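**Q** Data: coords_8.tsv, TSV, C-alpha atoms and all ligand atoms.
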```tsv
chain	number	residue	atom	x	y	z
A	1	MET	CA	-13.84	8.53	-18.34
A	2	GLY	CA	-15.11	4.93	-18.03
A	3	PHE	CA	-13.62	1.64	-16.85
A	4	PRO	CA	-9.98	0.97	-17.75
A	5	LYS	CA	-9.16	-2.00	-20.04
A	6	GLN	CA	-6.28	-3.05	-17.87
A	7	VAL	CA	-5.56	-2.72	-14.15
A	8	ARG	CA	-2.27	-3.11	-12.31
A	9	LEU	CA	-2.57	-4.68	-8.88
A	10	VAL	CA	-0.03	-3.89	-6.19
A	11	ASP	CA	-0.13	-6.55	-3.50
A	12	VAL	CA	0.88	-4.95	-0.23
A	13	ALA	CA	0.30	-8.00	1.98
A	14	PRO	CA	3.97	-8.63	2.87
A	15	ARG	CA	4.15	-5.03	4.19
A	16	ASP	CA	0.72	-3.59	5.05
A	17	GLY	CA	-0.74	-7.06	5.61
A	18	LEU	CA	1.88	-8.17	8.12
A	19	GLN	CA	3.18	-4.95	9.74
A	20	ASN	CA	0.56	-5.02	12.49
A	21	GLU	CA	0.93	-8.68	13.47
A	22	PRO	CA	1.86	-8.83	17.16
A	23	ASP	CA	3.71	-12.17	17.03
A	24	ALA	CA	6.97	-12.62	15.16
A	25	ILE	CA	6.53	-13.99	11.65
A	26	ALA	CA	9.51	-15.92	10.30
A	27	THR	CA	11.41	-14.19	7.53
A	28	ASP	CA	11.13	-17.42	5.55
A	29	THR	CA	7.32	-17.16	5.71
A	30	LYS	CA	7.47	-13.59	4.39
A	31	LEU	CA	9.79	-14.70	1.58
A	32	GLU	CA	7.50	-17.59	0.66
A	33	LEU	CA	4.49	-15.24	0.63
A	34	ILE	CA	6.29	-12.85	-1.71
A	35	ASP	CA	7.26	-15.66	-4.06
A	36	ARG	CA	3.80	-17.21	-4.06
A	37	LEU	CA	2.32	-13.83	-4.98
A	38	ALA	CA	4.75	-13.51	-7.88
A	39	ASN	CA	3.86	-17.04	-8.92
A	40	ALA	CA	0.16	-16.06	-8.98
A	41	GLY	CA	1.00	-13.34	-11.50
A	42	LEU	CA	1.46	-10.27	-9.30
A	43	ARG	CA	3.96	-7.98	-11.00
A	44	HIS	CA	4.18	-5.47	-8.20
A	45	ILE	CA	4.71	-6.54	-4.60
A	46	GLU	CA	5.35	-4.28	-1.60
A	47	ALA	CA	7.85	-6.49	0.15
A	48	ALA	CA	9.23	-4.60	3.15
A	49	SER	CA	9.34	-1.40	5.15
A	50	PHE	CA	12.54	0.39	6.15
A	51	VAL	CA	10.98	2.10	9.15
A	52	SER	CA	12.23	2.24	12.71
A	53	PRO	CA	12.02	-1.23	14.35
A	54	LYS	CA	10.99	0.56	17.55
A	55	TRP	CA	7.92	1.88	15.78
A	56	VAL	CA	7.05	-1.24	13.78
A	57	PRO	CA	8.86	-4.31	15.19
A	58	GLN	CA	7.30	-6.70	12.65
A	59	MET	CA	9.23	-5.02	9.80
A	60	ALA	CA	12.60	-5.20	11.59
A	61	ASP	CA	13.87	-7.93	9.23
A	62	HIS	CA	13.56	-5.59	6.22
A	63	ARG	CA	17.21	-6.06	5.20
A	64	GLU	CA	16.97	-9.84	5.21
A	65	VAL	CA	13.68	-9.82	3.28
A	66	MET	CA	14.97	-7.44	0.66
A	67	THR	CA	18.32	-9.15	0.13
A	68	ARG	CA	17.13	-12.76	0.27
A	69	LEU	CA	14.04	-12.55	-1.92
A	70	GLN	CA	14.18	-14.48	-5.20
A	71	ARG	CA	13.81	-11.74	-7.78
A	72	ARG	CA	11.73	-12.85	-10.75
A	73	PRO	CA	12.12	-10.98	-14.03
A	74	GLY	CA	9.37	-8.45	-14.64
A	75	VAL	CA	8.38	-8.22	-10.97
A	76	THR	CA	8.94	-5.03	-8.96
A	77	TYR	CA	9.63	-5.53	-5.26
A	78	SER	CA	9.15	-2.22	-3.46
A	79	ALA	CA	9.65	-0.97	0.09
A	80	LEU	CA	8.54	1.90	2.30
A	81	THR	CA	11.21	4.47	3.19
A	82	PRO	CA	10.04	7.24	5.56
A	83	ASN	CA	13.32	9.18	5.56
A	84	LEU	CA	16.87	9.27	4.19
A	85	LYS	CA	18.08	6.68	6.68
A	86	GLY	CA	15.42	4.25	5.46
A	87	LEU	CA	16.25	4.99	1.84
A	88	GLU	CA	20.00	4.48	2.30
A	89	ASN	CA	19.36	1.14	4.02
A	90	ALA	CA	16.96	0.10	1.25
A	91	LEU	CA	19.43	1.08	-1.48
A	92	GLU	CA	22.11	-1.03	0.19
A	93	CYS	CA	19.73	-3.98	-0.18
A	94	GLY	CA	19.25	-3.39	-3.91
A	95	VAL	CA	15.68	-2.07	-3.74
A	96	GLU	CA	14.28	-1.08	-7.16
A	97	GLU	CA	11.35	1.07	-6.04
A	98	VAL	CA	10.49	2.84	-2.81
A	99	ALA	CA	7.60	4.77	-1.31
A	100	VAL	CA	7.31	7.74	1.01
A	101	PHE	CA	4.14	8.06	3.05
A	102	GLY	CA	2.39	11.20	4.18
A	103	ALA	CA	-1.13	11.98	5.35
A	104	ALA	CA	-3.96	14.37	4.70
A	105	SER	CA	-4.52	14.61	8.47
A	106	GLU	CA	-2.19	16.51	10.82
A	107	ALA	CA	-3.00	14.30	13.80
A	108	PHE	CA	-2.38	11.08	11.85
A	109	SER	CA	0.89	12.45	10.50
A	110	GLN	CA	2.08	13.12	14.06
A	111	LYS	CA	1.06	9.67	15.32
A	112	ASN	CA	2.39	7.76	12.32
A	113	ILE	CA	5.64	9.50	11.45
A	114	ASN	CA	6.12	11.90	14.36
A	115	CYS	CA	5.98	15.16	12.42
A	116	SER	CA	3.53	17.61	10.82
A	117	ILE	CA	2.41	17.34	7.20
A	118	ASN	CA	4.69	20.19	6.13
A	119	GLU	CA	7.64	18.73	8.04
A	120	SER	CA	7.02	15.38	6.35
A	121	LEU	CA	7.09	17.00	2.91
A	122	GLN	CA	10.39	18.70	3.81
A	123	ARG	CA	11.71	15.33	4.96
A	124	PHE	CA	10.65	13.62	1.73
A	125	ALA	CA	12.37	16.14	-0.58
A	126	PRO	CA	15.93	14.81	0.04
A	127	VAL	CA	14.60	11.23	-0.15
A	128	LEU	CA	13.29	11.95	-3.66
A	129	GLU	CA	16.52	13.70	-4.60
A	130	ARG	CA	18.71	10.81	-3.44
A	131	ALA	CA	16.40	8.24	-5.09
A	132	ARG	CA	16.57	10.17	-8.35
A	133	GLN	CA	20.39	10.02	-8.24
A	134	ALA	CA	20.12	6.25	-7.69
A	135	ASN	CA	17.54	5.90	-10.49
A	136	VAL	CA	14.97	4.48	-8.11
A	137	PRO	CA	11.35	5.53	-8.67
A	138	VAL	CA	9.45	6.82	-5.66
A	139	ARG	CA	5.77	6.28	-5.01
A	140	GLY	CA	3.89	8.63	-2.68
A	141	TYR	CA	1.17	7.59	-0.27
A	142	VAL	CA	-1.46	9.88	1.21
A	143	SER	CA	-3.20	8.39	4.24
A	144	CYS	CA	-6.62	9.28	5.66
A	145	VAL	CA	-8.04	10.41	2.30
A	146	LEU	CA	-11.59	9.44	3.33
A	147	GLY	CA	-11.39	10.01	7.08
A	148	CYS	CA	-9.01	10.06	10.01
A	149	PRO	CA	-9.11	8.05	13.25
A	150	TYR	CA	-8.28	11.23	15.22
A	151	GLU	CA	-9.79	14.11	13.20
A	152	GLY	CA	-12.81	12.47	11.58
A	153	GLU	CA	-13.81	13.97	8.25
A	154	ILE	CA	-11.07	15.12	5.88
A	155	GLU	CA	-11.71	17.71	3.18
A	156	PRO	CA	-11.07	16.52	-0.40
A	157	ASP	CA	-9.11	19.76	-1.03
A	158	GLN	CA	-6.71	18.85	1.77
A	159	VAL	CA	-6.14	15.42	0.18
A	160	ALA	CA	-5.57	17.15	-3.16
A	161	ARG	CA	-3.02	19.55	-1.61
A	162	VAL	CA	-0.87	16.77	-0.12
A	163	ALA	CA	-1.19	14.54	-3.21
A	164	ARG	CA	-0.15	17.45	-5.42
A	165	ALA	CA	2.87	18.22	-3.22
A	166	LEU	CA	4.06	14.61	-3.53
A	167	PHE	CA	3.48	14.56	-7.27
A	168	ASP	CA	5.25	17.90	-7.81
A	169	MET	CA	8.16	16.62	-5.77
A	170	GLY	CA	8.65	13.81	-8.29
A	171	CYS	CA	6.59	10.85	-7.07
A	172	PHE	CA	5.73	8.85	-10.20
A	173	GLU	CA	2.42	7.77	-8.70
A	174	VAL	CA	0.34	8.79	-5.71
A	175	SER	CA	-1.58	6.12	-3.83
A	176	LEU	CA	-4.70	7.37	-2.08
A	177	GLY	CA	-5.19	5.56	1.23
A	178	ASP	CA	-8.52	5.07	2.96
A	179	THR	CA	-6.53	4.04	6.00
A	180	ILE	CA	-9.51	3.36	8.27
A	181	GLY	CA	-11.90	2.12	5.62
A	182	THR	CA	-14.78	4.47	6.44
A	183	GLY	CA	-15.27	5.83	2.92
A	184	THR	CA	-18.30	5.16	0.73
A	185	PRO	CA	-18.54	5.25	-3.08
A	186	LEU	CA	-19.71	8.86	-3.28
A	187	THR	CA	-17.11	10.23	-0.86
A	188	ALA	CA	-14.48	8.27	-2.80
A	189	LYS	CA	-15.63	9.83	-6.09
A	190	HIS	CA	-15.67	13.35	-4.63
A	191	MET	CA	-12.19	12.94	-3.21
A	192	LEU	CA	-10.90	11.62	-6.54
A	193	GLU	CA	-12.52	14.50	-8.38
A	194	ALA	CA	-10.60	16.99	-6.23
A	195	VAL	CA	-7.28	15.14	-6.65
A	196	THR	CA	-7.61	14.79	-10.44
A	197	ARG	CA	-7.92	18.56	-10.84
A	198	ASP	CA	-4.13	18.57	-10.32
A	199	ILE	CA	-2.91	15.04	-11.10
A	200	PRO	CA	-3.70	12.87	-14.14
A	201	MET	CA	-5.84	9.80	-13.37
A	202	ASP	CA	-3.16	7.41	-14.65
A	203	LYS	CA	-0.74	8.66	-11.97
A	204	LEU	CA	-3.06	7.68	-9.13
A	205	ALA	CA	-3.73	4.45	-7.24
A	206	ALA	CA	-6.53	3.42	-4.89
A	207	HIS	CA	-5.47	1.93	-1.54
A	208	PHE	CA	-8.61	1.05	0.34
A	209	HIS	CA	-8.90	-0.74	3.67
A	210	ASP	CA	-12.07	-2.72	4.26
A	211	THR	CA	-12.96	-1.92	7.88
A	212	TYR	CA	-16.58	-1.05	7.09
A	213	GLY	CA	-16.96	-3.52	4.21
A	214	GLN	CA	-17.10	-0.76	1.60
A	215	ALA	CA	-13.79	-1.29	-0.18
A	216	ILE	CA	-15.11	-3.26	-3.18
A	217	ALA	CA	-17.97	-0.79	-3.68
A	218	ASN	CA	-15.51	2.10	-3.41
A	219	LEU	CA	-13.18	0.48	-5.92
A	220	TYR	CA	-16.03	-0.02	-8.36
A	221	ALA	CA	-16.80	3.69	-8.03
A	222	VAL	CA	-13.25	4.85	-8.72
A	223	LEU	CA	-12.71	2.25	-11.49
A	224	GLU	CA	-15.71	3.79	-13.20
A	225	GLU	CA	-13.88	7.13	-13.02
A	226	GLY	CA	-10.80	5.56	-14.64
A	227	ILE	CA	-8.49	4.50	-11.79
A	228	SER	CA	-6.22	1.75	-13.13
A	229	VAL	CA	-3.89	0.93	-10.23
A	230	ILE	CA	-5.24	-0.84	-7.17
A	231	ASP	CA	-3.46	-1.76	-3.93
A	232	SER	CA	-4.77	-4.85	-2.18
A	233	ALA	CA	-3.59	-7.59	0.15
A	234	VAL	CA	-4.07	-11.31	-0.35
A	235	ALA	CA	-6.68	-12.66	2.12
A	236	GLY	CA	-7.43	-9.07	3.18
A	237	LEU	CA	-4.57	-9.20	5.67
A	238	GLY	CA	-3.48	-6.28	7.72
A	239	GLY	CA	-4.08	-2.96	9.39
A	240	CYS	CA	-2.10	0.10	10.36
A	241	PRO	CA	-0.42	0.12	13.79
A	242	TYR	CA	-1.24	3.83	14.13
A	243	ALA	CA	-4.92	3.52	13.14
A	244	LYS	CA	-6.42	1.46	15.97
A	245	GLY	CA	-9.23	-0.86	14.87
A	246	ALA	CA	-8.55	-0.44	11.15
A	247	ALA	CA	-8.97	-3.68	9.22
A	248	GLY	CA	-6.80	-4.99	6.43
A	249	ASN	CA	-6.65	-3.90	2.83
A	250	VAL	CA	-9.30	-5.01	0.41
A	251	ALA	CA	-8.55	-8.66	-0.44
A	252	SER	CA	-6.66	-9.17	-3.71
A	253	GLU	CA	-8.83	-12.21	-4.54
A	254	ASP	CA	-12.00	-10.09	-4.27
A	255	VAL	CA	-10.51	-7.40	-6.52
A	256	VAL	CA	-9.48	-9.97	-9.14
A	257	TYR	CA	-12.98	-11.48	-9.08
A	258	LEU	CA	-14.50	-8.00	-9.55
A	259	LEU	CA	-12.12	-7.28	-12.44
A	260	ASN	CA	-12.96	-10.64	-14.06
A	261	GLY	CA	-16.61	-9.64	-13.98
A	262	LEU	CA	-15.77	-6.34	-15.65
A	263	GLY	CA	-13.67	-8.07	-18.32
A	264	THR	CA	-10.62	-6.08	-17.19
A	265	GLU	CA	-7.13	-7.46	-17.85
A	266	HIS	CA	-4.92	-8.00	-14.80
A	267	GLY	CA	-2.65	-10.98	-15.48
A	268	ILE	CA	-3.37	-12.81	-12.23
A	269	ASP	CA	-4.38	-16.43	-11.77
A	270	LEU	CA	-7.25	-16.39	-9.28
A	271	ASP	CA	-6.92	-20.04	-8.14
A	272	THR	CA	-3.21	-19.67	-7.39
A	273	LEU	CA	-3.90	-16.39	-5.59
A	274	ALA	CA	-6.69	-17.97	-3.54
A	275	ALA	CA	-4.39	-20.87	-2.61
A	276	THR	CA	-1.82	-18.29	-1.46
A	277	GLY	CA	-4.42	-16.59	0.75
A	278	ASP	CA	-5.42	-19.96	2.19
A	279	TRP	CA	-1.79	-20.88	2.87
A	280	ILE	CA	-0.74	-17.60	4.54
A	281	THR	CA	-3.80	-17.38	6.79
A	282	ARG	CA	-3.32	-20.97	7.95
A	283	THR	CA	0.40	-20.37	8.46
A	284	ILE	CA	0.02	-17.26	10.63
A	285	GLY	CA	-3.28	-18.32	12.23
A	286	ARG	CA	-5.43	-15.50	10.91
A	287	PRO	CA	-8.94	-15.61	9.43
A	288	ASN	CA	-9.12	-15.42	5.67
A	289	ARG	CA	-10.98	-12.17	5.00
A	290	SER	CA	-11.43	-12.79	1.28
A	291	LYS	CA	-14.94	-14.05	0.61
A	292	VAL	CA	-13.84	-15.08	-2.87
A	293	GLY	CA	-10.77	-16.84	-1.49
A	294	VAL	CA	-12.78	-18.75	1.11
A	295	SER	CA	-15.40	-19.74	-1.47
A	296	ILE	CA	-12.76	-21.08	-3.84
A	297	THR	CA	-10.58	-22.94	-1.36
A	298	ARG	CA	-12.77	-24.05	1.51
A	299	SER	CA	-16.13	-24.84	0.01
B	301	LIG	P1	11.43	9.56	15.02
B	301	LIG	O1	11.53	8.92	16.36
B	301	LIG	O2	10.86	10.95	14.93
B	301	LIG	O3	12.84	9.53	14.26
B	301	LIG	O4	10.62	8.60	14.07
B	301	LIG	P2	14.26	10.07	14.59
B	301	LIG	O5	14.86	10.51	13.29
B	301	LIG	O6	14.23	11.04	15.75
B	301	LIG	O7	15.02	8.75	15.08
B	301	LIG	C1	14.69	8.05	16.27
B	301	LIG	C2	15.34	6.68	16.25
B	301	LIG	O8	14.84	5.90	15.16
B	301	LIG	C3	16.84	6.71	16.06
B	301	LIG	O9	17.39	5.57	16.72
B	301	LIG	C4	17.00	6.52	14.58
B	301	LIG	O10	18.26	5.98	14.21
B	301	LIG	C5	15.91	5.52	14.28
B	301	LIG	P3	17.97	5.65	18.23
B	301	LIG	O11	19.02	6.71	18.16
B	301	LIG	O12	16.79	6.01	19.10
B	301	LIG	O13	18.48	4.25	18.46
B	301	LIG	N1	15.43	5.59	12.90
B	301	LIG	C6	15.36	4.55	12.05
B	301	LIG	N2	15.68	3.25	12.19
B	301	LIG	C7	15.51	2.45	11.12
B	301	LIG	N3	15.01	2.88	9.93
B	301	LIG	C8	14.68	4.18	9.76
B	301	LIG	C9	14.85	5.06	10.86
B	301	LIG	N4	14.62	6.38	11.02
B	301	LIG	C10	14.97	6.70	12.26
B	301	LIG	N5	14.18	4.57	8.60
B	301	LIG	C11	10.11	7.64	11.93
B	301	LIG	C12	10.37	8.92	12.72
B	301	LIG	C13	9.55	8.05	10.59
B	301	LIG	C14	11.43	6.88	11.76
B	301	LIG	C15	9.12	6.77	12.74
B	301	LIG	O14	8.01	7.55	13.07
B	301	LIG	C16	8.65	5.57	11.97
B	301	LIG	O15	9.42	4.65	11.70
B	301	LIG	N6	7.36	5.53	11.61
B	301	LIG	C17	6.81	4.46	10.78
B	301	LIG	C18	5.37	4.20	11.10
B	301	LIG	C19	4.87	3.15	10.15
B	301	LIG	O16	5.60	2.38	9.59
B	301	LIG	N7	3.53	3.12	9.98
B	301	LIG	C20	2.91	2.17	9.10
B	301	LIG	C21	3.18	2.41	7.66
B	301	LIG	S1	2.15	3.70	6.96
B	301	LIG	C22	0.67	2.88	6.57
B	301	LIG	O17	0.49	1.74	6.91
B	301	LIG	C23	-0.33	3.60	5.72
B	301	LIG	C24	-0.32	3.14	4.25
B	301	LIG	O18	-0.59	1.75	4.16
B	301	LIG	C25	-1.38	3.91	3.46
B	301	LIG	C26	-2.76	3.86	4.12
B	301	LIG	O19	-3.28	2.79	4.37
B	301	LIG	O20	-3.26	4.96	4.36
B	301	LIG	C27	1.03	3.39	3.59
B	302	MG	MG	-2.52	0.84	4.21
```
Would you write the structure of this file as structure tokens?
Ligand code: HMG
Ligand code: MG
**A**
Amino acid sequence: MGFPKQVRLVDVAPRDGLQNEPDAIATDTKLELIDRLANAGLRHIEAASFVSPKWVPQMADHREVMTRLQRRPGVTYSALTPNLKGLENALECGVEEVAVFGAASEAFSQKNINCSINESLQRFAPVLERARQANVPVRGYVSCVLGCPYEGEIEPDQVARVARALFDMGCFEVSLGDTIGTGTPLTAKHMLEAVTRDIPMDKLAAHFHDTYGQAIANLYAVLEEGISVIDSAVAGLGGCPYAKGAAGNVASEDVVYLLNGLGTEHGIDLDTLAATGDWITRTIGRPNRSKVGVSITRS
């Protein structure tokens, strides 16, 4: 298929990047991060997560984040909604896009959302129905597409089955999550090959964590196959609370640098993005995991 001319980046730092932080982060800091990302040219920002505060305390201020954020025209601010309760709360806050999240691994599904894969799909059906009534598009995530912290290897056909179920249910896009960042370019290509038997390439996104330092190589591999939506987090922030040891998402700065080298359009200003990564890591006292970001701002 070949490299796409244009790529849409979804910066998930305010959600995936911060959800695992043990110390409270001020809502104002989250709001400033979201606005700085929009200022850098991001047109799609995952801003909050309407999950149980008992499960993920860091996301407990989801209502405040979603209602107080300065909406810029042309920018989509999305939120995770694991069930109807989460969706209703998100709708009350004026959310314009939501995401449900399932997994290709039974054990991860149980640990992350407290139900089996099939139960999760049954739970998502009314969420999609209600969102459709409210005219709110729903994205679907599949976790553990290249490996599971509890089950190890995951079959590409199993990823394809769950992705297909989400797509058939009405998800406008399915984001394929290498939750623990153990994938390599060939496993990523094989997984994508299985998924694209059922779902068109332009309805898929790559969501790769960088635990083993393979995320940029994996992205290059799936870009070559035609993937044109990439999830990333500024400064490579983050990790999943239910995938112990997993590192953050691939850094947005590193992805933008890669895309610049490929001559791919993305609409993001790298210097402003790098300054955002520098600011947020200093503010929350975390290392900046973007090599590009560090080279630009601290050299
Ligand atoms: P449960 O305990 O089975 O739910 O959790 P329940 O329906 O039995 O309810 C239990 C309690 O939670 C009740 O409160 C509910 O009201 C409350 P209580 O009566 O005990 O006071 N509750 C809620 N509160 C607020 N918002 C809600 C909500 N739902 C129930 N939406 C549940 C099931 C799904 C809620 C729970 O397991 C949960 O919140 N899990 C979220 C875990 C999570 O956020 N993980 C990280 C995000 S996924 C990820 O990072 C991967 C991704 O990045 C892709 C990748 O990298 O692979 C997306
Ligand atoms: Mg993730």
**Q** Just the residues within 8 Å of Ala205 in chain A, please, counting all atoms listed in the file, with nothing from its chain fewer than 6 positions along; format it as number ranges by chain.
**A** A: 173-176, 227-231
**Q** Can you tell me which residues surround Glu265 in chain A at a distance of at most 10 Å, considering all atoms listed in the file, apart from same-chain residues fewer than 2 positions away, and format the answer as a ChimeraX atom specification?
**A** /A:4-8,256,259-260,262-263,267-268
**Q** For ligand LIG 301 (chain B), which residue out of A:Asn218, A:Gln122, A:Asn114, A:Thr67 is the nearest one, using all atoms listed in the file?
**A**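 Of all the options, A:Asn114 lies closest to ligand LIG 301 (chain B).
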**Q** Taking all atoms listed in the file into account, name the residue in A:Arg139, A:Gln70, A:Ala235, A:Gly226 that is nearest to Pro287 in chain A.
**A**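 With all atoms listed in the file as the atom set, the closest residue is A:Ala235.
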**Q** Hey, can you check how far CA of Ile25 in chain A sits from CA of Cys240 in chain A?
**A** 16.6 Å
**Q** Counting all atoms listed in the file, figure out which residue out of A:Thr276, A:Ser143, A:Thr297, A:Thr196 gets nearest to ligand LIG 301 (chain B).
**A**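 Once distances to ligand LIG 301 (chain B) are computed over all atoms listed in the file, the minimum belongs to A:Ser143.
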**Q** Excluding Gly293 in chain A and residues on its chain fewer than 2 positions from it, collect all residues at most 6 Å away from it, counting only C-alpha atoms, and give them as a ChimeraX atom specification.
**A** /A:253,274,290-291,295-296
**Q** So which residues are near ligand MG 302 (chain B), meaning at most 7 Å away with only C-alpha atoms and all ligand atoms counted, given back as a ChimeraX atom specification?
**A** /A:16,177,179,207,209,239-240,249
**Q** From the options A:Pro82, A:Gly236, A:Gly152, A:Gly261, which residue's atoms come nearest to Val294 in chain A, counting all atoms listed in the file?
**A**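 Looking only at the distances to Val294 in chain A, the closest residue turns out to be A:Gly236.
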**Q** Set up a box along x, y and z of the file covering all listed atoms of range 262-275 of chain A, add 5 Å on every one of the six sides, and write the centre and edge lengths in Å to one decimal, as AutoDock Vina command-line options.
**A**
```
--center_x -9.2 --center_y -13.5 --center_z -10.5 --size_x 23.1 --size_y 24.8 --size_z 25.7
```
